[in-house]
>>> print(open('target-v6.txt').read())   # compact mmCIF, N, CA, C and O atoms
# COMPACT_ATOMS: atom_id res chain seq x y z
N MET P 125 19.69 -75.21 -219.61
CA MET P 125 20.35 -75.29 -218.33
C MET P 125 19.79 -74.25 -217.39
O MET P 125 19.57 -73.12 -217.77
N ALA P 126 19.62 -74.66 -216.16
CA ALA P 126 19.11 -73.74 -215.15
C ALA P 126 20.28 -72.93 -214.60
O ALA P 126 21.37 -73.44 -214.42
N ALA P 127 20.01 -71.68 -214.35
CA ALA P 127 21.05 -70.82 -213.79
C ALA P 127 21.24 -71.16 -212.32
O ALA P 127 20.29 -71.35 -211.59
N ALA P 128 22.48 -71.23 -211.92
CA ALA P 128 22.78 -71.51 -210.52
C ALA P 128 22.57 -70.26 -209.70
O ALA P 128 22.86 -69.15 -210.13
N GLY P 129 22.02 -70.45 -208.51
CA GLY P 129 21.79 -69.32 -207.60
C GLY P 129 23.09 -68.85 -206.99
O GLY P 129 24.16 -69.40 -207.26
N PRO P 130 23.01 -67.83 -206.19
CA PRO P 130 24.23 -67.32 -205.56
C PRO P 130 24.85 -68.38 -204.65
O PRO P 130 24.15 -69.13 -204.00
N ARG P 131 26.15 -68.43 -204.67
CA ARG P 131 26.86 -69.41 -203.85
C ARG P 131 27.28 -68.77 -202.53
O ARG P 131 27.59 -67.58 -202.49
N PRO P 132 27.31 -69.59 -201.47
CA PRO P 132 27.84 -69.07 -200.19
C PRO P 132 29.30 -68.70 -200.36
O PRO P 132 29.98 -69.26 -201.22
N PRO P 133 29.79 -67.77 -199.56
CA PRO P 133 31.19 -67.36 -199.68
C PRO P 133 32.13 -68.56 -199.54
O PRO P 133 31.97 -69.39 -198.67
N GLY P 134 33.07 -68.65 -200.43
CA GLY P 134 34.08 -69.69 -200.36
C GLY P 134 33.69 -70.99 -201.03
O GLY P 134 34.52 -71.85 -201.24
N GLU P 135 32.44 -71.18 -201.40
CA GLU P 135 32.02 -72.44 -202.00
C GLU P 135 32.50 -72.51 -203.45
O GLU P 135 32.22 -71.61 -204.24
N GLY P 136 33.17 -73.57 -203.79
CA GLY P 136 33.62 -73.78 -205.16
C GLY P 136 34.82 -72.93 -205.54
O GLY P 136 35.17 -72.85 -206.69
N ARG P 137 35.42 -72.29 -204.58
CA ARG P 137 36.59 -71.46 -204.87
C ARG P 137 37.78 -71.97 -204.08
O ARG P 137 37.61 -72.48 -202.98
N THR P 138 38.93 -71.79 -204.61
CA THR P 138 40.13 -72.13 -203.85
C THR P 138 40.80 -70.84 -203.45
O THR P 138 40.95 -69.92 -204.27
N VAL P 139 41.16 -70.78 -202.20
CA VAL P 139 41.79 -69.58 -201.68
C VAL P 139 43.14 -69.97 -201.13
O VAL P 139 43.26 -70.91 -200.36
N THR P 140 44.16 -69.25 -201.53
CA THR P 140 45.49 -69.49 -200.98
C THR P 140 45.88 -68.25 -200.20
O THR P 140 45.55 -67.13 -200.57
N ALA P 141 46.54 -68.49 -199.08
CA ALA P 141 46.97 -67.37 -198.24
C ALA P 141 48.35 -67.68 -197.69
O ALA P 141 48.72 -68.84 -197.53
N ALA P 142 49.05 -66.64 -197.39
CA ALA P 142 50.35 -66.80 -196.75
C ALA P 142 50.12 -67.30 -195.33
O ALA P 142 49.05 -67.16 -194.77
N ALA P 143 51.14 -67.90 -194.74
CA ALA P 143 51.01 -68.46 -193.40
C ALA P 143 50.58 -67.41 -192.38
O ALA P 143 49.75 -67.67 -191.52
N GLY P 144 51.10 -66.22 -192.47
CA GLY P 144 50.72 -65.15 -191.54
C GLY P 144 49.27 -64.77 -191.67
O GLY P 144 48.58 -64.52 -190.69
N GLU P 145 48.76 -64.71 -192.89
CA GLU P 145 47.36 -64.37 -193.11
C GLU P 145 46.44 -65.45 -192.57
O GLU P 145 45.40 -65.18 -191.99
N ALA P 146 46.81 -66.72 -192.78
CA ALA P 146 46.00 -67.84 -192.29
C ALA P 146 45.95 -67.80 -190.77
O ALA P 146 44.89 -68.02 -190.17
N GLU P 147 47.06 -67.51 -190.12
CA GLU P 147 47.09 -67.45 -188.67
C GLU P 147 46.21 -66.31 -188.18
O GLU P 147 45.49 -66.45 -187.21
N LEU P 148 46.25 -65.19 -188.87
CA LEU P 148 45.43 -64.05 -188.50
C LEU P 148 43.95 -64.39 -188.61
O LEU P 148 43.15 -64.04 -187.75
N CYS P 149 43.56 -65.13 -189.66
CA CYS P 149 42.17 -65.53 -189.83
C CYS P 149 41.72 -66.45 -188.71
O CYS P 149 40.61 -66.33 -188.21
N VAL P 150 42.57 -67.38 -188.30
CA VAL P 150 42.22 -68.30 -187.22
C VAL P 150 42.05 -67.53 -185.92
O VAL P 150 41.12 -67.76 -185.17
N MET P 151 42.95 -66.60 -185.66
CA MET P 151 42.85 -65.83 -184.43
C MET P 151 41.60 -64.97 -184.43
O MET P 151 40.94 -64.83 -183.41
N ALA P 152 41.23 -64.42 -185.55
CA ALA P 152 40.05 -63.56 -185.62
C ALA P 152 38.77 -64.37 -185.47
O ALA P 152 37.78 -63.88 -184.97
N ALA P 153 38.78 -65.62 -185.91
CA ALA P 153 37.58 -66.45 -185.84
C ALA P 153 37.23 -66.79 -184.40
O ALA P 153 36.07 -66.96 -184.07
N SER P 154 38.21 -66.92 -183.53
CA SER P 154 37.94 -67.29 -182.14
C SER P 154 38.31 -66.12 -181.24
O SER P 154 39.47 -65.89 -180.95
N ARG P 155 37.32 -65.43 -180.78
CA ARG P 155 37.57 -64.29 -179.89
C ARG P 155 37.42 -64.66 -178.43
O ARG P 155 37.53 -63.83 -177.55
N LEU P 156 37.12 -65.92 -178.16
CA LEU P 156 36.96 -66.38 -176.79
C LEU P 156 38.32 -66.62 -176.16
O LEU P 156 39.25 -67.05 -176.83
N PRO P 157 38.42 -66.38 -174.87
CA PRO P 157 39.68 -66.69 -174.19
C PRO P 157 39.92 -68.20 -174.21
O PRO P 157 38.98 -68.98 -174.34
N PRO P 158 41.17 -68.63 -174.08
CA PRO P 158 41.50 -70.05 -174.18
C PRO P 158 40.75 -70.94 -173.18
O PRO P 158 40.46 -72.08 -173.46
N GLY P 159 40.42 -70.45 -172.00
CA GLY P 159 39.76 -71.26 -170.98
C GLY P 159 38.24 -71.21 -171.03
O GLY P 159 37.58 -71.74 -170.16
N ALA P 160 37.67 -70.58 -172.04
CA ALA P 160 36.21 -70.43 -172.12
C ALA P 160 35.54 -71.78 -172.38
O ALA P 160 36.10 -72.66 -173.03
N LEU P 161 34.33 -71.93 -171.86
CA LEU P 161 33.56 -73.15 -172.05
C LEU P 161 32.95 -73.19 -173.44
O LEU P 161 32.57 -72.16 -173.99
N SER P 162 32.83 -74.39 -173.97
CA SER P 162 32.11 -74.55 -175.24
C SER P 162 30.62 -74.41 -174.93
O SER P 162 30.20 -74.42 -173.77
N LEU P 163 29.82 -74.31 -175.96
CA LEU P 163 28.37 -74.20 -175.76
C LEU P 163 27.83 -75.41 -175.03
O LEU P 163 27.03 -75.28 -174.10
N LYS P 164 28.28 -76.59 -175.41
CA LYS P 164 27.82 -77.82 -174.76
C LYS P 164 28.20 -77.85 -173.29
O LYS P 164 27.38 -78.21 -172.43
N GLN P 165 29.44 -77.44 -172.98
CA GLN P 165 29.88 -77.39 -171.59
C GLN P 165 29.08 -76.36 -170.80
O GLN P 165 28.71 -76.60 -169.65
N PHE P 166 28.83 -75.22 -171.41
CA PHE P 166 28.06 -74.17 -170.75
C PHE P 166 26.65 -74.66 -170.41
O PHE P 166 26.16 -74.45 -169.30
N LEU P 167 26.00 -75.31 -171.37
CA LEU P 167 24.64 -75.80 -171.14
C LEU P 167 24.62 -76.89 -170.07
O LEU P 167 23.71 -76.93 -169.24
N ARG P 168 25.62 -77.77 -170.08
CA ARG P 168 25.70 -78.82 -169.06
C ARG P 168 25.89 -78.19 -167.68
O ARG P 168 25.27 -78.60 -166.71
N ARG P 169 26.73 -77.18 -167.60
CA ARG P 169 26.97 -76.50 -166.32
C ARG P 169 25.68 -75.86 -165.80
O ARG P 169 25.37 -75.94 -164.61
N GLN P 170 24.92 -75.24 -166.69
CA GLN P 170 23.66 -74.64 -166.29
C GLN P 170 22.68 -75.70 -165.79
O GLN P 170 21.95 -75.47 -164.83
N GLN P 171 22.68 -76.85 -166.44
CA GLN P 171 21.80 -77.95 -166.03
C GLN P 171 22.18 -78.44 -164.63
O GLN P 171 21.31 -78.68 -163.79
N VAL P 172 23.47 -78.58 -164.37
CA VAL P 172 23.94 -79.05 -163.07
C VAL P 172 23.61 -78.02 -161.99
O VAL P 172 23.13 -78.38 -160.90
N LEU P 173 23.84 -76.76 -162.27
CA LEU P 173 23.52 -75.71 -161.28
C LEU P 173 22.03 -75.66 -160.99
O LEU P 173 21.62 -75.47 -159.84
N GLN P 174 21.21 -75.82 -162.01
CA GLN P 174 19.77 -75.83 -161.82
C GLN P 174 19.34 -76.99 -160.91
O GLN P 174 18.52 -76.82 -160.01
N LEU P 175 19.91 -78.16 -161.14
CA LEU P 175 19.60 -79.32 -160.31
C LEU P 175 20.05 -79.09 -158.88
O LEU P 175 19.32 -79.39 -157.93
N TYR P 176 21.24 -78.54 -158.68
CA TYR P 176 21.75 -78.26 -157.34
C TYR P 176 20.83 -77.30 -156.60
O TYR P 176 20.50 -77.51 -155.44
N ARG P 177 20.37 -76.26 -157.28
CA ARG P 177 19.46 -75.30 -156.65
C ARG P 177 18.13 -75.95 -156.29
O ARG P 177 17.56 -75.67 -155.23
N LYS P 178 17.63 -76.83 -157.17
CA LYS P 178 16.38 -77.55 -156.87
C LYS P 178 16.52 -78.40 -155.61
O LYS P 178 15.63 -78.45 -154.77
N ILE P 179 17.66 -79.08 -155.52
CA ILE P 179 17.91 -79.93 -154.35
C ILE P 179 17.96 -79.07 -153.08
O ILE P 179 17.35 -79.42 -152.07
N LEU P 180 18.66 -77.95 -153.13
CA LEU P 180 18.74 -77.09 -151.95
C LEU P 180 17.37 -76.52 -151.57
O LEU P 180 17.05 -76.41 -150.38
N ARG P 181 16.55 -76.19 -152.56
CA ARG P 181 15.19 -75.72 -152.26
C ARG P 181 14.36 -76.81 -151.60
O ARG P 181 13.60 -76.54 -150.67
N ALA P 182 14.50 -78.02 -152.09
CA ALA P 182 13.75 -79.14 -151.51
C ALA P 182 14.21 -79.41 -150.08
O ALA P 182 13.39 -79.71 -149.20
N ILE P 183 15.50 -79.28 -149.84
CA ILE P 183 16.04 -79.50 -148.49
C ILE P 183 15.50 -78.47 -147.51
O ILE P 183 15.27 -78.77 -146.34
N ARG P 184 15.26 -77.26 -147.97
CA ARG P 184 14.69 -76.22 -147.10
C ARG P 184 13.33 -76.59 -146.53
O ARG P 184 12.94 -76.09 -145.49
N GLU P 185 12.63 -77.49 -147.22
CA GLU P 185 11.30 -77.90 -146.80
C GLU P 185 11.32 -78.97 -145.69
O GLU P 185 10.29 -79.27 -145.12
N VAL P 186 12.48 -79.54 -145.42
CA VAL P 186 12.61 -80.56 -144.38
C VAL P 186 12.42 -79.89 -143.03
O VAL P 186 13.09 -78.91 -142.71
N PRO P 187 11.51 -80.42 -142.20
CA PRO P 187 11.19 -79.75 -140.93
C PRO P 187 12.31 -79.82 -139.87
O PRO P 187 12.52 -78.85 -139.15
N ALA P 188 13.03 -80.91 -139.78
CA ALA P 188 14.04 -81.06 -138.71
C ALA P 188 15.37 -80.42 -139.13
O ALA P 188 15.90 -80.70 -140.20
N GLU P 189 15.90 -79.57 -138.25
CA GLU P 189 17.15 -78.86 -138.52
C GLU P 189 18.31 -79.82 -138.75
O GLU P 189 19.11 -79.63 -139.66
N ALA P 190 18.41 -80.87 -137.93
CA ALA P 190 19.52 -81.82 -138.06
C ALA P 190 19.45 -82.54 -139.42
O ALA P 190 20.48 -82.75 -140.06
N ASP P 191 18.25 -82.90 -139.85
CA ASP P 191 18.09 -83.55 -141.15
C ASP P 191 18.45 -82.62 -142.29
O ASP P 191 19.09 -83.01 -143.27
N ARG P 192 18.03 -81.35 -142.18
CA ARG P 192 18.37 -80.35 -143.21
C ARG P 192 19.87 -80.21 -143.34
O ARG P 192 20.42 -80.18 -144.43
N ARG P 193 20.54 -80.12 -142.20
CA ARG P 193 21.99 -79.96 -142.21
C ARG P 193 22.66 -81.18 -142.84
O ARG P 193 23.57 -81.05 -143.66
N TYR P 194 22.19 -82.39 -142.47
CA TYR P 194 22.76 -83.61 -143.02
C TYR P 194 22.56 -83.67 -144.53
O TYR P 194 23.49 -83.96 -145.28
N LEU P 195 21.35 -83.38 -145.00
CA LEU P 195 21.06 -83.44 -146.43
C LEU P 195 21.83 -82.39 -147.22
O LEU P 195 22.29 -82.64 -148.33
N LYS P 196 21.96 -81.20 -146.64
CA LYS P 196 22.71 -80.14 -147.32
C LYS P 196 24.18 -80.53 -147.46
O LYS P 196 24.78 -80.36 -148.52
N ASP P 197 24.74 -81.10 -146.39
CA ASP P 197 26.13 -81.55 -146.44
C ASP P 197 26.30 -82.69 -147.44
O ASP P 197 27.29 -82.75 -148.17
N TRP P 198 25.31 -83.59 -147.48
CA TRP P 198 25.35 -84.71 -148.42
C TRP P 198 25.35 -84.18 -149.86
O TRP P 198 26.17 -84.61 -150.68
N ALA P 199 24.43 -83.27 -150.16
CA ALA P 199 24.33 -82.73 -151.52
C ALA P 199 25.62 -82.01 -151.90
O ALA P 199 26.16 -82.21 -153.00
N ARG P 200 26.12 -81.21 -151.00
CA ARG P 200 27.35 -80.46 -151.26
C ARG P 200 28.51 -81.41 -151.56
O ARG P 200 29.26 -81.22 -152.52
N GLU P 201 28.63 -82.45 -150.73
CA GLU P 201 29.72 -83.41 -150.90
C GLU P 201 29.60 -84.18 -152.22
O GLU P 201 30.59 -84.40 -152.92
N GLU P 202 28.39 -84.61 -152.57
CA GLU P 202 28.19 -85.35 -153.83
C GLU P 202 28.56 -84.50 -155.04
O GLU P 202 29.21 -84.98 -155.97
N PHE P 203 28.15 -83.25 -155.03
CA PHE P 203 28.46 -82.38 -156.17
C PHE P 203 29.95 -82.08 -156.22
O PHE P 203 30.53 -82.02 -157.30
N ARG P 204 30.57 -81.88 -155.07
CA ARG P 204 32.02 -81.63 -155.07
C ARG P 204 32.79 -82.85 -155.55
O ARG P 204 33.76 -82.73 -156.30
N ARG P 205 32.35 -84.02 -155.11
CA ARG P 205 33.06 -85.25 -155.47
C ARG P 205 32.97 -85.51 -156.98
O ARG P 205 33.88 -86.07 -157.57
N ASN P 206 31.88 -85.10 -157.60
CA ASN P 206 31.68 -85.39 -159.01
C ASN P 206 31.88 -84.18 -159.92
O ASN P 206 31.54 -84.24 -161.10
N LYS P 207 32.44 -83.11 -159.40
CA LYS P 207 32.60 -81.90 -160.22
C LYS P 207 33.58 -82.09 -161.37
O LYS P 207 33.50 -81.40 -162.37
N ASP P 208 34.49 -83.05 -161.26
CA ASP P 208 35.48 -83.26 -162.31
C ASP P 208 35.12 -84.41 -163.23
O ASP P 208 35.96 -84.86 -164.00
N ALA P 209 33.89 -84.89 -163.17
CA ALA P 209 33.47 -85.99 -164.05
C ALA P 209 33.57 -85.49 -165.49
O ALA P 209 32.98 -84.48 -165.85
N THR P 210 34.32 -86.20 -166.30
CA THR P 210 34.54 -85.74 -167.67
C THR P 210 33.83 -86.61 -168.69
O THR P 210 33.53 -86.13 -169.78
N GLU P 211 33.58 -87.84 -168.38
CA GLU P 211 32.92 -88.71 -169.34
C GLU P 211 31.43 -88.38 -169.41
O GLU P 211 30.77 -88.24 -168.39
N GLU P 212 30.93 -88.26 -170.61
CA GLU P 212 29.52 -87.91 -170.82
C GLU P 212 28.60 -88.91 -170.15
O GLU P 212 27.61 -88.55 -169.52
N CYS P 213 28.92 -90.19 -170.26
CA CYS P 213 28.10 -91.25 -169.67
C CYS P 213 28.05 -91.09 -168.15
O CYS P 213 26.98 -91.18 -167.54
N SER P 214 29.18 -90.83 -167.55
CA SER P 214 29.25 -90.66 -166.10
C SER P 214 28.45 -89.45 -165.65
O SER P 214 27.71 -89.50 -164.67
N ARG P 215 28.60 -88.34 -166.36
CA ARG P 215 27.86 -87.12 -166.00
C ARG P 215 26.36 -87.35 -166.12
O ARG P 215 25.59 -86.94 -165.25
N ASN P 216 25.93 -87.99 -167.20
CA ASN P 216 24.51 -88.26 -167.38
C ASN P 216 23.97 -89.14 -166.27
O ASN P 216 22.88 -88.92 -165.76
N TRP P 217 24.76 -90.16 -165.88
CA TRP P 217 24.31 -91.06 -164.83
C TRP P 217 24.13 -90.29 -163.53
O TRP P 217 23.12 -90.44 -162.85
N TRP P 218 25.09 -89.44 -163.17
CA TRP P 218 24.99 -88.70 -161.91
C TRP P 218 23.84 -87.69 -161.94
O TRP P 218 23.16 -87.50 -160.94
N LEU P 219 23.62 -87.06 -163.07
CA LEU P 219 22.49 -86.13 -163.17
C LEU P 219 21.16 -86.86 -163.02
O LEU P 219 20.27 -86.39 -162.31
N ASN P 220 21.04 -88.01 -163.66
CA ASN P 220 19.81 -88.80 -163.52
C ASN P 220 19.64 -89.31 -162.10
O ASN P 220 18.53 -89.32 -161.57
N TYR P 221 20.73 -89.75 -161.48
CA TYR P 221 20.68 -90.22 -160.10
C TYR P 221 20.21 -89.11 -159.16
O TYR P 221 19.34 -89.32 -158.33
N ALA P 222 20.78 -87.93 -159.30
CA ALA P 222 20.41 -86.81 -158.44
C ALA P 222 18.97 -86.37 -158.69
O ALA P 222 18.23 -86.07 -157.76
N ASP P 223 18.56 -86.35 -159.94
CA ASP P 223 17.20 -85.97 -160.27
C ASP P 223 16.19 -86.96 -159.71
O ASP P 223 15.16 -86.58 -159.16
N THR P 224 16.50 -88.26 -159.80
CA THR P 224 15.62 -89.29 -159.24
C THR P 224 15.57 -89.19 -157.72
O THR P 224 14.51 -89.31 -157.12
N ALA P 225 16.73 -88.95 -157.09
CA ALA P 225 16.75 -88.79 -155.64
C ALA P 225 15.91 -87.60 -155.21
O ALA P 225 15.19 -87.65 -154.20
N LEU P 226 15.95 -86.54 -155.99
CA LEU P 226 15.15 -85.36 -155.68
C LEU P 226 13.66 -85.67 -155.80
O LEU P 226 12.86 -85.26 -154.96
N GLN P 227 13.26 -86.42 -156.82
CA GLN P 227 11.86 -86.76 -157.01
C GLN P 227 11.38 -87.70 -155.90
O GLN P 227 10.25 -87.58 -155.44
N ASP P 228 12.23 -88.61 -155.45
CA ASP P 228 11.88 -89.53 -154.36
C ASP P 228 11.77 -88.79 -153.04
O ASP P 228 11.08 -89.23 -152.14
N PHE P 229 12.49 -87.71 -152.94
CA PHE P 229 12.52 -86.92 -151.72
C PHE P 229 11.15 -86.33 -151.49
O PHE P 229 10.54 -86.31 -150.53
>>> encode(input="target-v6.txt", output="structure tokens")
Amino acid sequence: MAAAGPRPPGEGRTVTAAAGEAELCVMAASRLPPGALSLKQFLRRQQVLQLYRKILRAIREVPAEADRRYLKDWAREEFRRNKDATEECSRNWWLNYADTALQDF
């Protein structure tokens, strides 16, 4: 028989704890405040902000002041209107739409 290597902590063992100890372990595992973003949400937010900045940079290149103002207001309004999009499909569609509009610009 081959000797088994070291096991990760907790593997193959049963641990029992009092209710207070279990609650303490759960609280210690999550040190983030209740309203903190998950990693996925944080990365999505960074992606959206990056796209917004790209759009604003592209708008700066428009020669006519009236057109720049219109496009800036349009971009601002679109992002505000969709800031609460919660469905992944919807968010992806809007990000792709904005990215394509930027490339066409």
>>> closest_residue(input="target-v6.txt", among="P:Ile179, P:Gln165, P:Leu156, P:Asp191", to="Ala222 in chain P", atoms="only N, CA, C and O atoms")
P:Ile179
>>> atom_distance(input="target-v6.txt", atom1="CA of Leu175 in chain P", atom2="CA of Asp223 in chain P")
7.1 Å
>>> atom_distance(input="target-v6.txt", atom1="CA of Lys207 in chain P", atom2="CA of Arg193 in chain P")
21.0 Å
>>> closest_residue(input="target-v6.txt", among="P:Asp208, P:Leu180, P:Arg155, P:Tyr221", to="Arg192 in chain P", atoms="only N, CA, C and O atoms")
P:Leu180
>>> residues_around(input="target-v6.txt", residues="Leu195 in chain P", least_positions_apart="5", cutoff="8 Å", atoms="only N, CA, C and O atoms", output="count of residues only")
9
>>> atom_distance(input="target-v6.txt", atom1="CA of Lys178 in chain P", atom2="CA of Leu226 in chain P")
8.0 Å
>>> axis_aligned_box(input="target-v6.txt", around="range 155-169 of chain P", padding_each_side="8 Å", output="AutoDock Vina command-line options")
--center_x 32.6 --center_y -71.3 --center_z -172.7 --size_x 33.8 --size_y 31.0 --size_z 32.2
>>> closest_residue(input="target-v6.txt", among="P:Lys164, P:Gly159, P:Ala182, P:Leu173", to="Phe229 in chain P", atoms="all atoms listed in the file")
P:Ala182
>>> build_atoms(input="target-v6.txt", residues="range 156-165 of chain P", atoms="all heavy atoms", output="mmCIF file, in the frame of the given file")
data_model
loop_
_atom_site.group_PDB
_atom_site.id
_atom_site.type_symbol
_atom_site.label_atom_id
_atom_site.label_comp_id
_atom_site.auth_asym_id
_atom_site.auth_seq_id
_atom_site.Cartn_x
_atom_site.Cartn_y
_atom_site.Cartn_z
ATOM 1 N N LEU P 156 37.120 -65.920 -178.160
ATOM 2 C CA LEU P 156 36.960 -66.380 -176.790
ATOM 3 C C LEU P 156 38.320 -66.620 -176.160
ATOM 4 O O LEU P 156 39.250 -67.050 -176.830
ATOM 5 C CB LEU P 156 36.154 -67.675 -176.769
ATOM 6 C CG LEU P 156 34.719 -67.573 -177.267
ATOM 7 C CD1 LEU P 156 34.089 -68.955 -177.311
ATOM 8 C CD2 LEU P 156 33.901 -66.652 -176.389
ATOM 9 N N PRO P 157 38.420 -66.380 -174.870
ATOM 10 C CA PRO P 157 39.680 -66.690 -174.190
ATOM 11 C C PRO P 157 39.920 -68.200 -174.210
ATOM 12 O O PRO P 157 38.980 -68.980 -174.340
ATOM 13 C CB PRO P 157 39.474 -66.183 -172.768
ATOM 14 C CG PRO P 157 38.066 -65.783 -172.652
ATOM 15 C CD PRO P 157 37.441 -65.777 -174.000
ATOM 16 N N PRO P 158 41.170 -68.630 -174.080
ATOM 17 C CA PRO P 158 41.500 -70.050 -174.180
ATOM 18 C C PRO P 158 40.750 -70.940 -173.180
ATOM 19 O O PRO P 158 40.460 -72.080 -173.460
ATOM 20 C CB PRO P 158 43.005 -70.102 -173.897
ATOM 21 C CG PRO P 158 43.499 -68.727 -174.085
ATOM 22 C CD PRO P 158 42.347 -67.801 -173.883
ATOM 23 N N GLY P 159 40.420 -70.450 -172.000
ATOM 24 C CA GLY P 159 39.760 -71.260 -170.980
ATOM 25 C C GLY P 159 38.240 -71.210 -171.030
ATOM 26 O O GLY P 159 37.580 -71.740 -170.160
ATOM 27 N N ALA P 160 37.670 -70.580 -172.040
ATOM 28 C CA ALA P 160 36.210 -70.430 -172.120
ATOM 29 C C ALA P 160 35.540 -71.780 -172.380
ATOM 30 O O ALA P 160 36.100 -72.660 -173.030
ATOM 31 C CB ALA P 160 35.849 -69.450 -173.230
ATOM 32 N N LEU P 161 34.330 -71.930 -171.860
ATOM 33 C CA LEU P 161 33.560 -73.150 -172.050
ATOM 34 C C LEU P 161 32.950 -73.190 -173.440
ATOM 35 O O LEU P 161 32.570 -72.160 -173.990
ATOM 36 C CB LEU P 161 32.427 -73.224 -171.027
ATOM 37 C CG LEU P 161 32.815 -73.244 -169.552
ATOM 38 C CD1 LEU P 161 31.571 -73.201 -168.687
ATOM 39 C CD2 LEU P 161 33.639 -74.463 -169.229
ATOM 40 N N SER P 162 32.830 -74.390 -173.970
ATOM 41 C CA SER P 162 32.110 -74.550 -175.240
ATOM 42 C C SER P 162 30.620 -74.410 -174.930
ATOM 43 O O SER P 162 30.200 -74.420 -173.770
ATOM 44 C CB SER P 162 32.397 -75.916 -175.847
ATOM 45 O OG SER P 162 31.802 -76.935 -175.061
ATOM 46 N N LEU P 163 29.820 -74.310 -175.960
ATOM 47 C CA LEU P 163 28.370 -74.200 -175.760
ATOM 48 C C LEU P 163 27.830 -75.410 -175.030
ATOM 49 O O LEU P 163 27.030 -75.280 -174.100
ATOM 50 C CB LEU P 163 27.655 -74.023 -177.095
ATOM 51 C CG LEU P 163 26.129 -73.949 -177.009
ATOM 52 C CD1 LEU P 163 25.692 -72.756 -176.167
ATOM 53 C CD2 LEU P 163 25.523 -73.886 -178.397
ATOM 54 N N LYS P 164 28.280 -76.590 -175.410
ATOM 55 C CA LYS P 164 27.820 -77.820 -174.760
ATOM 56 C C LYS P 164 28.200 -77.850 -173.290
ATOM 57 O O LYS P 164 27.380 -78.210 -172.430
ATOM 58 C CB LYS P 164 28.425 -79.028 -175.492
ATOM 59 C CG LYS P 164 27.901 -80.350 -175.032
ATOM 60 C CD LYS P 164 28.462 -81.458 -175.894
ATOM 61 C CE LYS P 164 27.905 -82.801 -175.497
ATOM 62 N NZ LYS P 164 28.423 -83.882 -176.325
ATOM 63 N N GLN P 165 29.440 -77.440 -172.980
ATOM 64 C CA GLN P 165 29.880 -77.390 -171.590
ATOM 65 C C GLN P 165 29.080 -76.360 -170.800
ATOM 66 O O GLN P 165 28.710 -76.600 -169.650
ATOM 67 C CB GLN P 165 31.366 -77.056 -171.529
ATOM 68 C CG GLN P 165 32.269 -78.140 -172.043
ATOM 69 C CD GLN P 165 33.698 -77.658 -172.198
ATOM 70 O OE1 GLN P 165 33.945 -76.487 -172.522
ATOM 71 N NE2 GLN P 165 34.641 -78.561 -171.974
#
